[in-house]
$ cat structure.txt   # compact mmCIF, C-alpha atoms
# COMPACT_ATOMS: atom_id res chain seq x y z
CA MET P 1 0.00 0.00 0.00
CA ARG P 2 2.74 2.38 0.94
CA LEU P 3 4.25 2.24 -2.51
CA ARG P 4 1.01 2.61 -4.46
CA ASN P 5 0.86 5.68 -6.63
CA VAL P 6 -2.01 7.97 -5.91
CA LYS P 7 -2.98 9.73 -9.10
CA GLY P 8 -2.48 13.43 -8.86
CA ALA P 9 -0.66 13.20 -5.51
CA LYS P 10 2.17 15.45 -6.64
CA ASP P 11 -0.25 18.02 -8.00
CA LEU P 12 -2.21 18.07 -4.78
CA ILE P 13 0.96 18.43 -2.72
CA ASN P 14 2.15 21.33 -4.86
CA SER P 15 -1.21 23.08 -4.53
CA TYR P 16 -0.93 23.59 -0.77
CA PRO P 17 2.49 25.12 -0.03
CA LYS P 18 1.18 26.51 3.25
CA TYR P 19 0.41 23.02 4.59
CA ILE P 20 3.04 20.84 2.99
CA VAL P 21 6.58 21.13 1.68
CA ASP P 22 7.89 18.64 -0.84
CA ILE P 23 11.62 18.63 -0.19
CA LEU P 24 13.39 17.45 -3.29
CA GLU P 25 16.91 18.45 -2.40
CA ASP P 26 18.89 18.43 0.81
CA THR P 27 18.41 22.04 1.71
CA LYS P 28 18.04 23.33 5.24
CA LEU P 29 14.45 24.14 6.00
CA ASP P 30 13.74 27.19 8.13
CA LEU P 31 10.87 26.00 10.30
CA SER P 32 10.47 29.48 11.80
CA GLU P 33 8.93 30.61 8.49
CA TYR P 34 6.01 28.34 9.34
CA ASN P 35 6.24 28.28 13.13
CA LYS P 36 5.61 32.02 13.42
CA ASN P 37 4.86 31.96 17.15
CA ASN P 38 8.09 30.17 17.88
CA LEU P 39 6.32 27.27 19.58
CA PRO P 40 8.22 24.17 20.70
CA VAL P 41 8.51 21.75 17.78
CA HIS P 42 7.36 18.11 18.00
CA MET P 43 8.06 15.96 14.98
CA GLU P 44 6.66 12.63 13.84
CA ILE P 45 8.94 10.67 11.54
CA GLY P 46 7.07 8.33 9.22
CA MET P 47 3.67 9.78 10.06
CA GLY P 48 1.83 7.73 7.42
CA LYS P 49 -1.67 9.05 6.93
CA GLY P 50 -1.29 11.60 9.69
CA LYS P 51 -4.08 10.78 12.15
CA PHE P 52 -1.71 10.93 15.13
CA VAL P 53 0.00 14.23 14.37
CA HIS P 54 -3.21 15.91 13.15
CA THR P 55 -5.04 14.90 16.34
CA LEU P 56 -2.20 16.15 18.53
CA ALA P 57 -2.06 19.46 16.65
CA LYS P 58 -5.75 19.96 17.35
CA LEU P 59 -5.32 19.10 21.02
CA ASN P 60 -2.17 21.09 21.75
CA LYS P 61 -2.20 24.55 20.27
CA ASP P 62 0.96 25.48 22.16
CA VAL P 63 3.08 23.01 20.19
CA PHE P 64 4.11 23.23 16.54
CA TYR P 65 3.83 19.80 14.91
CA VAL P 66 5.81 18.58 11.96
CA GLY P 67 4.82 15.38 10.18
CA ILE P 68 7.45 13.74 7.98
CA GLU P 69 6.65 11.05 5.44
CA ARG P 70 8.52 10.12 2.32
CA PHE P 71 5.78 8.57 0.23
CA ASP P 72 3.55 10.89 -1.82
CA SER P 73 0.84 8.28 -1.86
CA VAL P 74 0.62 8.27 1.94
CA ILE P 75 1.30 11.88 2.80
CA VAL P 76 -1.59 13.04 0.60
CA ARG P 77 -3.92 11.28 3.04
CA ALA P 78 -2.51 13.49 5.79
CA LEU P 79 -2.77 16.50 3.51
CA GLU P 80 -6.45 15.74 2.90
CA LYS P 81 -7.00 15.86 6.66
CA VAL P 82 -5.34 19.30 6.83
CA ILE P 83 -7.31 20.61 3.84
CA GLU P 84 -10.49 19.50 5.53
CA GLU P 85 -9.46 20.89 8.91
CA PRO P 86 -6.62 23.42 8.54
CA LEU P 87 -4.33 23.92 11.53
CA ASP P 88 -1.84 26.76 12.01
CA ASN P 89 0.42 24.58 14.13
CA LEU P 90 0.96 21.67 11.75
CA LEU P 91 3.33 21.37 8.82
CA LEU P 92 3.75 18.31 6.63
CA LEU P 93 7.13 17.58 5.10
CA ARG P 94 7.69 15.08 2.34
CA PHE P 95 11.22 13.75 2.45
CA ASP P 96 13.21 10.68 3.45
CA ALA P 97 14.17 10.86 7.13
CA ALA P 98 17.56 9.42 6.21
CA ASP P 99 18.31 13.02 5.21
CA LEU P 100 17.01 14.48 8.48
CA ARG P 101 20.00 16.51 9.60
CA ASP P 102 20.62 17.85 6.12
CA ILE P 103 17.19 19.46 6.25
CA ILE P 104 16.33 20.20 9.87
CA LYS P 105 18.45 22.63 11.84
CA PRO P 106 20.44 21.35 14.84
CA SER P 107 18.86 21.74 18.29
CA SER P 108 15.53 22.84 16.86
CA VAL P 109 13.16 20.02 17.90
CA GLU P 110 11.86 19.25 21.40
CA ARG P 111 10.35 15.85 20.69
CA ILE P 112 10.49 13.16 18.03
CA TYR P 113 7.76 10.52 17.64
CA LEU P 114 8.36 7.18 15.94
CA ASN P 115 5.06 5.35 15.57
CA PHE P 116 4.69 1.89 14.09
CA SER P 117 7.79 2.29 11.97
CA ASP P 118 8.71 -0.24 9.35
CA PRO P 119 10.42 -3.10 11.29
CA TRP P 120 12.89 -3.93 8.49
CA PRO P 121 13.30 -7.46 9.91
CA LYS P 122 16.26 -8.53 7.78
CA VAL P 123 19.62 -8.02 9.46
CA ARG P 124 21.06 -6.45 6.34
CA HIS P 125 18.37 -3.75 6.55
CA GLU P 126 19.20 -2.85 10.15
CA LYS P 127 20.38 0.63 9.20
CA ARG P 128 16.94 1.45 7.84
CA ARG P 129 15.26 0.86 11.20
CA LEU P 130 14.36 4.21 12.70
CA ALA P 131 16.00 3.26 16.03
CA SER P 132 19.33 2.27 14.49
CA PRO P 133 22.45 4.18 15.58
CA THR P 134 22.50 5.89 12.16
CA PHE P 135 19.16 7.50 12.95
CA LEU P 136 19.80 8.06 16.66
CA LYS P 137 22.84 10.11 15.72
CA GLN P 138 20.64 12.34 13.57
CA TYR P 139 17.97 12.68 16.25
CA LYS P 140 20.61 13.72 18.76
CA GLU P 141 21.67 16.48 16.43
CA VAL P 142 18.25 17.94 15.68
CA LEU P 143 16.87 17.56 19.22
CA VAL P 144 17.41 20.24 21.85
CA ASP P 145 19.17 19.28 25.08
CA ASN P 146 16.83 17.01 27.03
CA GLY P 147 14.69 16.58 23.91
CA GLU P 148 12.68 13.37 23.92
CA LEU P 149 12.32 10.40 21.62
CA HIS P 150 8.93 8.66 21.87
CA GLN P 151 8.51 5.30 20.22
CA LYS P 152 5.40 3.15 19.84
CA THR P 153 5.16 -0.12 17.98
CA ASP P 154 3.27 -3.39 17.85
CA ASN P 155 6.34 -5.15 16.51
CA GLN P 156 8.06 -7.16 19.24
CA SER P 157 11.33 -7.69 17.37
CA LEU P 158 11.61 -4.03 16.48
CA PHE P 159 10.98 -3.08 20.09
CA GLU P 160 13.59 -5.54 21.40
CA TYR P 161 16.03 -4.13 18.87
CA SER P 162 15.14 -0.55 19.79
CA ILE P 163 15.70 -1.09 23.52
CA ILE P 164 19.16 -2.53 22.86
CA SER P 165 20.03 0.14 20.32
CA ILE P 166 18.91 2.99 22.59
CA ASN P 167 20.71 1.37 25.52
CA ASN P 168 23.93 0.98 23.57
CA TYR P 169 23.71 4.59 22.47
CA LYS P 170 23.83 5.52 26.18
CA MET P 171 20.46 7.23 26.08
CA THR P 172 18.36 7.53 29.24
CA ILE P 173 15.08 5.62 29.16
CA THR P 174 12.38 7.50 31.06
CA GLU P 175 9.25 5.49 30.22
CA MET P 176 8.68 1.84 29.34
CA TYR P 177 5.30 0.24 28.60
CA LEU P 178 5.26 -3.39 27.51
CA ASP P 179 1.48 -3.34 27.09
CA LEU P 180 0.42 0.26 26.62
CA HIS P 181 -3.30 -0.32 26.22
CA ASN P 182 -3.44 -2.26 29.48
CA SER P 183 -1.41 0.21 31.49
CA ASP P 184 -1.96 3.30 33.59
CA TYR P 185 -0.80 5.54 30.72
CA THR P 186 -3.32 8.31 30.09
CA GLY P 187 -3.82 10.59 27.11
CA ASN P 188 -2.63 8.14 24.47
CA VAL P 189 -3.40 9.34 20.94
CA THR P 190 -3.67 6.43 18.51
CA THR P 191 -2.48 6.12 14.94
CA GLU P 192 -4.34 4.38 12.11
CA PHE P 193 -2.17 1.27 12.54
CA GLU P 194 -2.59 1.32 16.30
CA GLU P 195 -6.38 1.21 15.98
CA LYS P 196 -6.12 -1.89 13.80
CA PHE P 197 -3.73 -3.67 16.16
CA LYS P 198 -5.78 -2.67 19.18
CA ASN P 199 -8.90 -4.16 17.63
CA LYS P 200 -7.00 -7.39 17.03
CA GLY P 201 -5.99 -7.45 20.70
CA GLN P 202 -2.28 -7.10 19.91
CA ARG P 203 0.09 -5.53 22.40
CA ILE P 204 1.42 -2.05 21.85
CA TYR P 205 4.88 -1.22 23.20
CA LYS P 206 6.02 2.28 24.08
CA LEU P 207 9.18 3.88 25.37
CA THR P 208 10.45 7.37 25.94
CA ALA P 209 14.14 8.19 26.00
CA LYS P 210 16.50 11.12 25.84
CA PHE P 211 20.13 11.71 25.03
CA MET G 1 4.37 -20.04 50.99
CA ARG G 2 7.74 -18.39 51.16
CA LEU G 3 7.33 -17.47 54.78
CA ARG G 4 5.99 -20.80 55.96
CA ASN G 5 8.14 -22.52 58.50
CA VAL G 6 9.26 -25.96 57.56
CA LYS G 7 9.67 -27.98 60.71
CA GLY G 8 13.23 -29.05 61.19
CA ALA G 9 14.52 -26.90 58.32
CA LYS G 10 17.34 -25.45 60.41
CA ASP G 11 18.38 -28.91 61.61
CA LEU G 12 18.45 -30.24 58.08
CA ILE G 13 20.49 -27.26 56.85
CA ASN G 14 23.00 -27.72 59.66
CA SER G 15 23.37 -31.43 58.88
CA TYR G 16 24.85 -30.88 55.41
CA PRO G 17 27.69 -28.36 55.71
CA LYS G 18 29.20 -29.67 52.49
CA TYR G 19 26.12 -28.69 50.46
CA ILE G 20 24.81 -25.63 52.22
CA VAL G 21 26.12 -22.78 54.32
CA ASP G 22 23.83 -20.90 56.63
CA ILE G 23 25.40 -17.47 56.85
CA LEU G 24 24.28 -15.82 60.02
CA GLU G 25 26.71 -12.95 60.11
CA ASP G 26 28.22 -10.72 57.48
CA THR G 27 31.48 -12.57 57.08
CA LYS G 28 33.36 -12.95 53.81
CA LEU G 29 32.88 -16.40 52.42
CA ASP G 30 35.83 -18.03 50.71
CA LEU G 31 34.19 -19.82 47.79
CA SER G 32 37.49 -21.45 46.83
CA GLU G 33 37.11 -23.76 49.84
CA TYR G 34 34.17 -25.28 47.99
CA ASN G 35 35.11 -24.54 44.40
CA LYS G 36 38.27 -26.64 44.59
CA ASN G 37 38.83 -26.78 40.82
CA ASN G 38 38.63 -23.02 40.56
CA LEU G 39 35.78 -23.14 38.04
CA PRO G 40 34.05 -19.96 36.91
CA VAL G 41 31.28 -19.09 39.38
CA HIS G 42 27.66 -18.55 38.33
CA MET G 43 25.28 -17.44 41.04
CA GLU G 44 21.52 -17.44 41.29
CA ILE G 45 20.09 -14.90 43.68
CA GLY G 46 16.72 -15.89 45.10
CA MET G 47 16.90 -19.42 43.77
CA GLY G 48 13.75 -20.58 45.56
CA LYS G 49 13.44 -24.35 45.47
CA GLY G 50 16.53 -24.69 43.31
CA LYS G 51 15.31 -26.51 40.17
CA PHE G 52 17.08 -24.04 37.87
CA VAL G 53 20.49 -24.01 39.52
CA HIS G 54 20.45 -27.75 40.25
CA THR G 55 19.63 -28.53 36.61
CA LEU G 56 22.35 -26.23 35.33
CA ALA G 57 24.91 -27.75 37.70
CA LYS G 58 24.10 -31.17 36.29
CA LEU G 59 24.39 -29.91 32.71
CA ASN G 60 27.55 -27.82 33.05
CA LYS G 61 30.28 -29.53 35.02
CA ASP G 62 32.77 -26.81 34.07
CA VAL G 63 30.90 -24.16 36.04
CA PHE G 64 30.60 -23.82 39.81
CA TYR G 65 27.07 -22.85 40.77
CA VAL G 66 26.03 -20.97 43.86
CA GLY G 67 22.37 -20.75 44.82
CA ILE G 68 21.39 -18.03 47.26
CA GLU G 69 18.09 -17.95 49.09
CA ARG G 70 17.23 -16.28 52.34
CA PHE G 71 14.27 -18.38 53.49
CA ASP G 72 14.99 -21.63 55.34
CA SER G 73 11.61 -22.97 54.35
CA VAL G 74 12.43 -22.64 50.64
CA ILE G 75 16.12 -23.44 50.56
CA VAL G 76 15.51 -26.81 52.23
CA ARG G 77 13.63 -27.83 49.07
CA ALA G 78 16.80 -27.11 47.10
CA LEU G 79 18.84 -28.95 49.73
CA GLU G 80 16.60 -31.99 49.35
CA LYS G 81 17.41 -32.03 45.63
CA VAL G 82 21.14 -31.97 46.39
CA ILE G 83 20.84 -34.70 49.04
CA GLU G 84 19.03 -36.85 46.51
CA GLU G 85 21.48 -36.03 43.74
CA PRO G 86 24.74 -34.61 45.12
CA LEU G 87 26.79 -32.36 42.85
CA ASP G 88 30.39 -31.28 43.40
CA ASN G 89 29.82 -28.04 41.53
CA LEU G 90 26.86 -26.66 43.47
CA LEU G 91 26.81 -24.81 46.76
CA LEU G 92 23.73 -23.45 48.48
CA LEU G 93 24.00 -20.32 50.59
CA ARG G 94 21.34 -19.14 52.97
CA PHE G 95 21.54 -15.40 53.42
CA ASP G 96 19.81 -12.17 52.41
CA ALA G 97 21.20 -10.88 49.12
CA ALA G 98 21.01 -7.36 50.54
CA ASP G 99 24.27 -8.36 52.25
CA LEU G 100 25.85 -9.70 49.04
CA ARG G 101 29.05 -7.73 48.97
CA ASP G 102 29.67 -8.20 52.67
CA ILE G 103 29.83 -11.94 52.04
CA ILE G 104 31.02 -12.53 48.48
CA LYS G 105 34.49 -11.38 47.44
CA PRO G 106 34.83 -8.64 44.83
CA SER G 107 35.38 -9.74 41.21
CA SER G 108 34.74 -13.39 42.01
CA VAL G 109 31.57 -14.17 40.03
CA GLU G 110 31.20 -14.54 36.25
CA ARG G 111 27.45 -14.55 36.04
CA ILE G 112 24.45 -13.66 38.20
CA TYR G 113 20.97 -15.03 37.54
CA LEU G 114 17.81 -13.34 38.77
CA ASN G 115 14.83 -15.57 38.08
CA PHE G 116 11.24 -14.64 38.86
CA SER G 117 12.28 -12.35 41.67
CA ASP G 118 9.75 -10.81 43.99
CA PRO G 119 8.34 -7.80 42.07
CA TRP G 120 7.87 -5.63 45.17
CA PRO G 121 5.25 -3.57 43.36
CA LYS G 122 4.91 -0.77 45.88
CA VAL G 123 7.03 2.27 45.08
CA ARG G 124 8.25 2.48 48.67
CA HIS G 125 9.69 -1.03 48.29
CA GLU G 126 11.66 -0.19 45.14
CA LYS G 127 14.98 -0.73 46.89
CA ARG G 128 14.07 -4.33 47.57
CA ARG G 129 13.70 -5.15 43.86
CA LEU G 130 16.70 -7.16 42.76
CA ALA G 131 17.29 -4.83 39.77
CA SER G 132 17.30 -1.63 41.82
CA PRO G 133 20.45 0.51 41.78
CA THR G 134 21.17 -0.62 45.35
CA PHE G 135 21.53 -4.20 44.12
CA LEU G 136 23.17 -3.35 40.78
CA LYS G 137 25.92 -1.62 42.70
CA GLN G 138 26.56 -4.83 44.63
CA TYR G 139 26.48 -7.01 41.51
CA LYS G 140 29.03 -4.74 39.87
CA GLU G 141 31.35 -5.26 42.79
CA VAL G 142 31.15 -9.05 42.98
CA LEU G 143 31.13 -9.64 39.20
CA VAL G 144 34.35 -9.93 37.23
CA ASP G 145 34.92 -7.50 34.35
CA ASN G 146 32.46 -8.35 31.60
CA GLY G 147 30.53 -10.54 34.03
CA GLU G 148 26.88 -10.96 33.07
CA LEU G 149 23.55 -10.36 34.72
CA HIS G 150 20.75 -12.63 33.44
CA GLN G 151 17.20 -11.82 34.38
CA LYS G 152 14.01 -13.74 33.69
CA THR G 153 10.55 -12.85 34.91
CA ASP G 154 6.89 -13.18 34.10
CA ASN G 155 6.17 -9.88 35.82
CA GLN G 156 5.67 -7.12 33.27
CA SER G 157 6.01 -4.24 35.71
CA LEU G 158 9.18 -5.66 37.21
CA PHE G 159 10.63 -6.11 33.74
CA GLU G 160 9.74 -2.56 32.68
CA TYR G 161 11.36 -1.32 35.87
CA SER G 162 14.42 -3.50 35.35
CA ILE G 163 15.03 -2.29 31.78
CA ILE G 164 14.92 1.32 32.92
CA SER G 165 17.05 0.65 36.00
CA ILE G 166 19.70 -1.33 34.10
CA ASN G 167 19.76 1.18 31.26
CA ASN G 168 20.06 4.14 33.56
CA TYR G 169 22.86 2.42 35.47
CA LYS G 170 24.73 2.62 32.14
CA MET G 171 24.91 -1.14 31.83
CA THR G 172 25.02 -2.63 28.34
CA ILE G 173 22.03 -4.80 27.42
CA THR G 174 23.17 -7.67 25.21
CA GLU G 175 20.01 -9.78 24.97
CA MET G 176 16.33 -8.87 25.10
CA TYR G 177 13.43 -11.32 24.80
CA LEU G 178 9.92 -9.98 25.26
CA ASP G 179 8.40 -13.46 24.80
CA LEU G 180 11.10 -15.99 25.58
CA HIS G 181 9.07 -19.14 25.02
CA ASN G 182 8.05 -17.97 21.55
CA SER G 183 11.52 -16.90 20.48
CA ASP G 184 14.58 -18.40 18.80
CA TYR G 185 16.33 -18.74 22.20
CA THR G 186 17.67 -22.24 22.69
CA GLY G 187 18.79 -24.09 25.80
CA ASN G 188 16.45 -22.37 28.23
CA VAL G 189 16.39 -24.07 31.64
CA THR G 190 13.13 -23.42 33.44
CA THR G 191 12.46 -22.73 37.09
CA GLU G 192 9.52 -24.05 39.09
CA PHE G 193 7.68 -20.73 38.70
CA GLU G 194 8.45 -20.62 34.98
CA GLU G 195 6.82 -24.00 34.43
CA LYS G 196 3.65 -22.77 36.09
CA PHE G 197 3.52 -19.55 34.08
CA LYS G 198 4.33 -21.38 30.87
CA ASN G 199 1.45 -23.75 31.43
CA LYS G 200 -0.85 -20.77 31.90
CA GLY G 201 0.36 -19.31 28.59
CA GLN G 202 1.91 -16.27 30.27
CA ARG G 203 4.81 -14.46 28.65
CA ILE G 204 8.29 -14.83 30.04
CA TYR G 205 10.70 -11.89 29.66
CA LYS G 206 14.47 -12.24 29.64
CA LEU G 207 17.39 -9.90 29.37
CA THR G 208 21.15 -10.15 29.67
CA ALA G 209 23.32 -7.20 30.57
CA LYS G 210 26.81 -6.35 31.73
CA PHE G 211 28.53 -3.45 33.41
$ encode --input "structure.txt" --output "structure tokens"
Amino acid sequence: MRLRNVKGAKDLINSYPKYIVDILEDTKLDLSEYNKNNLPVHMEIGMGKGKFVHTLAKLNKDVFYVGIERFDSVIVRALEKVIEEPLDNLLLLRFDAADLRDIIKPSSVERIYLNFSDPWPKVRHEKRRLASPTFLKQYKEVLVDNGELHQKTDNQSLFEYSIISINNYKMTITEMYLDLHNSDYTGNVTTEFEEKFKNKGQRIYKLTAKF
Amino acid sequence: MRLRNVKGAKDLINSYPKYIVDILEDTKLDLSEYNKNNLPVHMEIGMGKGKFVHTLAKLNKDVFYVGIERFDSVIVRALEKVIEEPLDNLLLLRFDAADLRDIIKPSSVERIYLNFSDPWPKVRHEKRRLASPTFLKQYKEVLVDNGELHQKTDNQSLFEYSIISINNYKMTITEMYLDLHNSDYTGNVTTEFEEKFKNKGQRIYKLTAKF
């Protein structure tokens, strides 16, 4: 599904420069052009169809949300949500997070969300996992001091990998939920994937960590 | 059950000084008096009725096993196993692990096992949890360089706590199993508790870490 072309996706993306930026080259993006009130920036990497970040942006007007997704075909679903319900404090960015620090300024983000990221189960694809040291290094650079990384997943192997990777990177783990939906955690905002897994009775894992 | 008195437990313990030492005061124990072949020492803290450590001692003759348990009523069950099937490479020690470093020499243990430890769920009892910083500090002292801590539990909250505690103690996590019995882990030796939980279909968590 993720790779399916959505007809006219590029056209739609280019029609709403206020809501979405299609980043074709590795150029630094000045978020302050969009974040005019200089709000703290929370960023979701691999936001998919955008339910999570759009919901949060509605709930928390004192935070500027950035949703990153590399696939046109998926990000247009998030864009449709914004067109239907525009929000001043939400910007969508289409680019590959592998280029994160080429595009986002250092020490400019307070929080990064990784939700239901692709598990990339093959060992040779380890570097593509969003909790691999390659990515952690980038997060460290774009996050402010004490900035937080929030991860949620249904994928047990990815979560096991993430704990070890975050541990070996000497990050501090501040929250750990091995069964989020049967925990005392309050205020959870679900993603599209999370709703599906929840309905199937699957466990959701969550951790929070900082550098 | 753990607190139940077993009639004659003390007498039985005192009758087998070759198999079990009842440590009543905080005196350094010279393990080499028992570990005559100077084998690497693996230690289980809170061994309960001793199935795990007794099985391992039978399987691995090149390791000297030490089983620690503070309750007479429980450790006699382990002693009964040894009386029935004596093993040169297994020593039982009755003492409270809170006194570990007063009794065990520094840098003398290669591996520590924590299996299905008491979760001590109340926050005010945190220090009693066997993965609390208070205990990790002691393990660090008695373990050799690169010595390993192996933890297994069915208790989700204890495991969440342990991951955070071990991570924040700057230990390195080398293994992480969020569902041990449905994993590729081979050679697992079960404890009495583990058999019960397994039969109920409950998840078993396991991690390995070092300082």
$ closest_atom_pairs --input "structure.txt" --of "chain P" --to "chain G" --cutoff "12 Å" --atoms "only C-alpha atoms" --output "JSON lines"
{"residue": "P:Asp154", "atom": "CA", "partner": "G:Leu178", "partner_atom": "CA", "distance": 11.9}
{"residue": "P:Asn155", "atom": "CA", "partner": "G:Leu178", "partner_atom": "CA", "distance": 10.6}
{"residue": "P:Gln156", "atom": "CA", "partner": "G:Leu178", "partner_atom": "CA", "distance": 6.9}
{"residue": "P:Ser157", "atom": "CA", "partner": "G:Leu178", "partner_atom": "CA", "distance": 8.3}
{"residue": "P:Leu158", "atom": "CA", "partner": "G:Leu178", "partner_atom": "CA", "distance": 10.7}
{"residue": "P:Phe159", "atom": "CA", "partner": "G:Leu178", "partner_atom": "CA", "distance": 8.7}
{"residue": "P:Glu160", "atom": "CA", "partner": "G:Met176", "partner_atom": "CA", "distance": 5.7}
{"residue": "P:Tyr161", "atom": "CA", "partner": "G:Met176", "partner_atom": "CA", "distance": 7.8}
{"residue": "P:Ser162", "atom": "CA", "partner": "G:Met176", "partner_atom": "CA", "distance": 9.9}
{"residue": "P:Ile163", "atom": "CA", "partner": "G:Met176", "partner_atom": "CA", "distance": 8.0}
{"residue": "P:Ile164", "atom": "CA", "partner": "G:Ile173", "partner_atom": "CA", "distance": 5.8}
{"residue": "P:Ser165", "atom": "CA", "partner": "G:Ile173", "partner_atom": "CA", "distance": 8.9}
{"residue": "P:Ile166", "atom": "CA", "partner": "G:Asn167", "partner_atom": "CA", "distance": 8.9}
{"residue": "P:Asn167", "atom": "CA", "partner": "G:Asn167", "partner_atom": "CA", "distance": 5.8}
{"residue": "P:Asn168", "atom": "CA", "partner": "G:Thr172", "partner_atom": "CA", "distance": 6.1}
{"residue": "P:Tyr169", "atom": "CA", "partner": "G:Thr172", "partner_atom": "CA", "distance": 9.4}
{"residue": "P:Lys170", "atom": "CA", "partner": "G:Lys170", "partner_atom": "CA", "distance": 6.7}
{"residue": "P:Met171", "atom": "CA", "partner": "G:Asn167", "partner_atom": "CA", "distance": 8.0}
{"residue": "P:Thr172", "atom": "CA", "partner": "G:Asn168", "partner_atom": "CA", "distance": 5.7}
{"residue": "P:Ile173", "atom": "CA", "partner": "G:Ile164", "partner_atom": "CA", "distance": 5.7}
{"residue": "P:Thr174", "atom": "CA", "partner": "G:Ile164", "partner_atom": "CA", "distance": 6.9}
{"residue": "P:Glu175", "atom": "CA", "partner": "G:Ile164", "partner_atom": "CA", "distance": 7.5}
{"residue": "P:Met176", "atom": "CA", "partner": "G:Glu160", "partner_atom": "CA", "distance": 5.6}
{"residue": "P:Tyr177", "atom": "CA", "partner": "G:Glu160", "partner_atom": "CA", "distance": 6.6}
{"residue": "P:Leu178", "atom": "CA", "partner": "G:Gln156", "partner_atom": "CA", "distance": 6.9}
{"residue": "P:Asp179", "atom": "CA", "partner": "G:Gln156", "partner_atom": "CA", "distance": 8.4}
{"residue": "P:Leu180", "atom": "CA", "partner": "G:Gln156", "partner_atom": "CA", "distance": 11.2}
{"residue": "P:Asn182", "atom": "CA", "partner": "G:Gln156", "partner_atom": "CA", "distance": 11.0}
{"residue": "P:Ser183", "atom": "CA", "partner": "G:Ser157", "partner_atom": "CA", "distance": 9.6}
{"residue": "P:Asp184", "atom": "CA", "partner": "G:Ser157", "partner_atom": "CA", "distance": 11.2}
{"residue": "P:Arg203", "atom": "CA", "partner": "G:Leu178", "partner_atom": "CA", "distance": 11.2}
{"residue": "P:Tyr205", "atom": "CA", "partner": "G:Leu178", "partner_atom": "CA", "distance": 10.3}
{"residue": "P:Lys206", "atom": "CA", "partner": "G:Glu160", "partner_atom": "CA", "distance": 10.5}
{"residue": "P:Leu207", "atom": "CA", "partner": "G:Glu160", "partner_atom": "CA", "distance": 9.8}
{"residue": "P:Thr208", "atom": "CA", "partner": "G:Ile164", "partner_atom": "CA", "distance": 10.3}
{"residue": "P:Ala209", "atom": "CA", "partner": "G:Ile164", "partner_atom": "CA", "distance": 9.8}
{"residue": "P:Lys210", "atom": "CA", "partner": "G:Asn168", "partner_atom": "CA", "distance": 11.0}
{"residue": "P:Phe211", "atom": "CA", "partner": "G:Asn168", "partner_atom": "CA", "distance": 11.4}
$ atom_distance --input "structure.txt" --atom1 "atom CA of G:Asp22" --atom2 "atom CA of G:Thr134"
23.4 Å
$ residues_near_point --input "structure.txt" --point "(27.7, -5.8, 38.8)" --cutoff "10 Å" --atoms "only C-alpha atoms" --output "short mmCIF file (atom, residue, chain, number, x, y, z; two decimals) with C-alpha atoms, keeping the file's coordinate frame"
data_model
loop_
_atom_site.label_atom_id
_atom_site.label_comp_id
_atom_site.auth_asym_id
_atom_site.auth_seq_id
_atom_site.Cartn_x
_atom_site.Cartn_y
_atom_site.Cartn_z
CA PRO G 106 34.83 -8.64 44.83
CA SER G 107 35.38 -9.74 41.21
CA VAL G 109 31.57 -14.17 40.03
CA GLU G 110 31.20 -14.54 36.25
CA ARG G 111 27.45 -14.55 36.04
CA ILE G 112 24.45 -13.66 38.20
CA PHE G 135 21.53 -4.20 44.12
CA LEU G 136 23.17 -3.35 40.78
CA LYS G 137 25.92 -1.62 42.70
CA GLN G 138 26.56 -4.83 44.63
CA TYR G 139 26.48 -7.01 41.51
CA LYS G 140 29.03 -4.74 39.87
CA GLU G 141 31.35 -5.26 42.79
CA VAL G 142 31.15 -9.05 42.98
CA LEU G 143 31.13 -9.64 39.20
CA VAL G 144 34.35 -9.93 37.23
CA ASP G 145 34.92 -7.50 34.35
CA ASN G 146 32.46 -8.35 31.60
CA GLY G 147 30.53 -10.54 34.03
CA GLU G 148 26.88 -10.96 33.07
CA LEU G 149 23.55 -10.36 34.72
CA MET G 171 24.91 -1.14 31.83
CA ALA G 209 23.32 -7.20 30.57
CA LYS G 210 26.81 -6.35 31.73
CA PHE G 211 28.53 -3.45 33.41
#
$ atom_distance --input "structure.txt" --atom1 "atom CA of G:Lys51" --atom2 "atom CA of G:Thr190"
7.7 Å
$ residues_around --input "structure.txt" --residues "P:Phe193" --least-positions-apart "5" --cutoff "9 Å" --atoms "only C-alpha atoms" --output "list in words"
Asn115, Phe116, Asp154 and Lys198 of chain P
$ atom_distance --input "structure.txt" --atom1 "atom CA of P:Asp96" --atom2 "atom CA of P:Glu69"
6.9 Å
$ residues_near_point --input "structure.txt" --point "(14.4, -18.2, 51.4)" --cutoff "10 Å" --atoms "all atoms listed in the file" --output "PyMOL selection string"
chain G and resi 2-4+46-49+68-77+93-96
$ closest_residue --input "structure.txt" --among "P:Ala9, P:Leu39, P:Val123, P:Ile20" --to "P:Ser108" --atoms "all atoms listed in the file"
P:Leu39
$ closest_residue --input "structure.txt" --among "G:Val189, G:Ile83, G:Ile13, G:Met43" --to "G:Leu31" --atoms "only C-alpha atoms"
G:Met43
$ residues_around --input "structure.txt" --residues "stretch 52-57 of chain P" --least-positions-apart "2" --cutoff "9 Å" --atoms "all atoms listed in the file" --output "list in words"
Met43, Glu44, Met47, Lys49, Gly50, Leu59, Asn60, Lys61, Asp62, Val63, Phe64, Tyr65, Val66, Gly67, Ala78, Lys81, Val82, Leu87, Asp88, Asn89, Leu90, Asn115, Val189, Thr190, Thr191 and Glu192 of chain P
$ axis_aligned_box --input "structure.txt" --around "stretch 89-102 of chain G" --padding-each-side "5 Å" --output "AutoDock Vina command-line options"
--center_x 24.8 --center_y -17.7 --center_z 47.5 --size_x 20.0 --size_y 30.7 --size_z 21.9
